[in-house]
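Each remark here refers to the structure printed beneath this line.
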Amino acid sequence: MKRLMSLLLSAAVLLSLAACSLNLNLPAQGGKVIEPDEEGFAMGYEGDTLRTAFFDMTIHNPKTCAEYEGLTPSEGYQFLVADLTLYNHTDDTQPIFDTDFEVIWDLDDDDAWAWPECNETAGPGGEPEYSVRSESQLPVESDLGIHKSMSGVLLYQVPEDCRDFYIAYYEIYEPEEEGGDPVYGDSFFVRFSA
């Protein structure tokens, strides 16, 4: 009887240790999960997962290059290429736009930022239509389903002498009143050198 109790106690201890070691907030790729502080600001680095109200975002493999899949940047610029992985941790489908993710290369200069590269053409009614320049890019606009993941490349043109960057995401909520100003939530920054 003592042996049976000892085995049961050992099994219970092992099960509790296994349960304690599970952490569902850890990102699949390593790194840390970072949530905003009391002031609504979150800063992470390459490989970290930033948890927004709408999804988790992780930046991997940022690099600069003079050519990307047959594309070349404007004179005086280089491409910044970074892999982005998103995971919808919510119970609602989330709309995703490539313009949600801007790159910043100088926080002291209001003009030192860019949105991802895209093609702009005139639609049937003359309205602008946007499309990616490379098939590997994150779509210009898409929906991220409940508890689904998506990955794609963020492709930016940045000055050729820049090496240090932030990729920023800002939570923006629809105004409560029609025609009202959007409501801004937390701010997220991924800092890296490329």
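If you're wondering about the labels, chains in the structure tokens are A, B, ... by order shown, residues count from 1 in each chain, ligands from 1 in order shown.
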Select from stretch 41-106 of chain A every residue with an atom at most 6 Å from any atom of stretch 133-151 of chain A, then for each give the shortest pair of atoms and their distance in Å to one decimal, using only C-alpha atoms, rows by chain and rising number, as a tab-separated table.
```
residue	atom	partner	partner_atom	distance
A:Leu84	CA	A:Ser151	CA	5.5
A:Thr85	CA	A:Ser151	CA	4.3
A:Leu86	CA	A:Met150	CA	5.3
A:Tyr87	CA	A:Ser149	CA	4.3
A:Asn88	CA	A:His147	CA	4.9
A:His89	CA	A:His147	CA	5.3
A:Asp91	CA	A:Ile146	CA	5.4
A:Asp92	CA	A:Ile146	CA	5.5
A:Thr93	CA	A:Gly145	CA	4.5
A:Gln94	CA	A:Leu144	CA	5.1
A:Pro95	CA	A:Asp143	CA	4.5
A:Ile96	CA	A:Ser142	CA	5.2
A:Phe97	CA	A:Glu141	CA	4.5
A:Asp98	CA	A:Val140	CA	5.0
```
For the residues in that selection, give me C-alpha atoms as a PDB file, in the first residue's frame.
```
ATOM      1  CA  LEU A  84       6.472  39.313 -40.371  1.00  0.00           C
ATOM      2  CA  THR A  85       4.426  36.606 -38.651  1.00  0.00           C
ATOM      3  CA  LEU A  86       0.998  37.432 -37.226  1.00  0.00           C
ATOM      4  CA  TYR A  87      -1.199  35.275 -34.994  1.00  0.00           C
ATOM      5  CA  ASN A  88      -4.796  36.205 -34.184  1.00  0.00           C
ATOM      6  CA  HIS A  89      -5.222  35.372 -30.482  1.00  0.00           C
ATOM      7  CA  ASP A  91     -12.189  35.388 -31.014  1.00  0.00           C
ATOM      8  CA  ASP A  92     -12.895  37.697 -33.971  1.00  0.00           C
ATOM      9  CA  THR A  93     -11.539  37.875 -37.517  1.00  0.00           C
ATOM     10  CA  GLN A  94      -9.116  40.818 -37.721  1.00  0.00           C
ATOM     11  CA  PRO A  95      -8.671  43.019 -40.821  1.00  0.00           C
ATOM     12  CA  ILE A  96      -4.974  43.416 -41.697  1.00  0.00           C
ATOM     13  CA  PHE A  97      -3.492  46.161 -43.882  1.00  0.00           C
ATOM     14  CA  ASP A  98       0.169  46.398 -44.898  1.00  0.00           C
TER      15      ASP A  98
END
```
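Residues in contact with stretch 51-63 of chain A at 8 Å, where only C-alpha atoms are counted and same-chain residues fewer than 2 positions away are skipped, are listed as Val33, Ile34, Glu35, Pro36, Tyr45, Glu46, Gly47, Asp48, Thr49, Cys65, Leu80, Val81, Ala82, Asp83, Leu84, Thr85, Leu86, Tyr87, Asn88, His89, Thr90, Gln94, Glu171, Asp186, Phe188, Val190, Phe192, Ser193 and Ala194 of chain A.
Pairwise distance (atom CA of A:Gly70, atom CA of A:Glu102) equals 22.8 Å.
Taking stretch 19-117 of chain A and asking which residues DSSP calls helix (DSSP H, G or I) on the backbone, you get Ala19, Cys20, Ser21, Asp98, Thr99 and Asp100 of chain A.
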Go ahead and write the residues just picked, C-alpha atoms, as a PDB file, in the first residue's frame.
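Final output, result_18.pdb:
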```
ATOM      1  CA  ALA A  19       1.492  21.519 -16.150  1.00  0.00           C
ATOM      2  CA  CYS A  20       3.525  24.312 -14.549  1.00  0.00           C
ATOM      3  CA  SER A  21       6.102  24.177 -17.313  1.00  0.00           C
ATOM      4  CA  ASP A  98       0.169  46.398 -44.898  1.00  0.00           C
ATOM      5  CA  THR A  99       0.025  50.087 -43.965  1.00  0.00           C
ATOM      6  CA  ASP A 100      -0.512  48.980 -40.346  1.00  0.00           C
TER       7      ASP A 100
END
```
Discussion item. Just want the 8 Å neighbourhood of stretch 113-116 of chain A, counted on only C-alpha atoms, with same-chain residues fewer than 6 positions away dropped. Output as a ChimeraX atom specification.
Written reply: /A:98-99,101-106,154-158
Export, as a PDB file, in the first residue's frame, the selected residues with C-alpha atoms.
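Contents of the output file result12.pdb:
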```
ATOM      1  CA  ASP A  98       0.169  46.398 -44.898  1.00  0.00           C
ATOM      2  CA  THR A  99       0.025  50.087 -43.965  1.00  0.00           C
ATOM      3  CA  PHE A 101       3.264  48.428 -40.250  1.00  0.00           C
ATOM      4  CA  GLU A 102       5.437  51.469 -40.895  1.00  0.00           C
ATOM      5  CA  VAL A 103       9.211  51.630 -40.724  1.00  0.00           C
ATOM      6  CA  ILE A 104      10.969  54.487 -38.900  1.00  0.00           C
ATOM      7  CA  TRP A 105      14.677  55.232 -39.219  1.00  0.00           C
ATOM      8  CA  ASP A 106      14.945  58.452 -37.185  1.00  0.00           C
ATOM      9  CA  LEU A 154       7.444  43.687 -45.357  1.00  0.00           C
ATOM     10  CA  LEU A 155       9.308  45.523 -48.159  1.00  0.00           C
ATOM     11  CA  TYR A 156      10.296  49.165 -47.652  1.00  0.00           C
ATOM     12  CA  GLN A 157      12.460  51.746 -49.396  1.00  0.00           C
ATOM     13  CA  VAL A 158      14.797  53.385 -46.873  1.00  0.00           C
TER      14      VAL A 158
END
```
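If you measure from each of A:Leu50, A:Leu71, A:Ile172, A:Cys162 to A:Cys118 using only C-alpha atoms, the closest one turns out to be A:Leu71.
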Contacts of A:Ser187 within 9 Å, only C-alpha atoms, excl. fewer than 2 positions in-chain, as a PDB file with C-alpha atoms, in the first residue's frame:
```
ATOM      1  CA  PRO A  36       2.332  47.192 -23.371  1.00  0.00           C
ATOM      2  CA  GLY A  40       0.540  51.886 -23.524  1.00  0.00           C
ATOM      3  CA  PHE A  41       4.029  51.393 -24.964  1.00  0.00           C
ATOM      4  CA  ALA A  42       5.720  48.117 -25.970  1.00  0.00           C
ATOM      5  CA  MET A  43       9.293  47.762 -27.269  1.00  0.00           C
ATOM      6  CA  THR A  52      -1.457  43.788 -29.443  1.00  0.00           C
ATOM      7  CA  ALA A 168       5.861  50.362 -35.638  1.00  0.00           C
ATOM      8  CA  TYR A 169       2.251  49.305 -35.163  1.00  0.00           C
ATOM      9  CA  TYR A 170      -0.375  51.547 -33.554  1.00  0.00           C
ATOM     10  CA  GLU A 171      -3.736  50.286 -32.303  1.00  0.00           C
ATOM     11  CA  TYR A 184      -5.685  55.466 -30.567  1.00  0.00           C
ATOM     12  CA  GLY A 185      -4.714  52.626 -28.274  1.00  0.00           C
ATOM     13  CA  PHE A 189       7.878  49.068 -31.762  1.00  0.00           C
TER      14      PHE A 189
END
```
Worksheet entry | Minimum-distance residue to A:Lys32, chosen among A:Gly152, A:Gly179, A:Gly76, A:Gly44 (using only C-alpha atoms) | A:Gly44
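Interatomic distance, atom CA of A:Phe165 to atom CA of A:Thr72: 20.0 Å.
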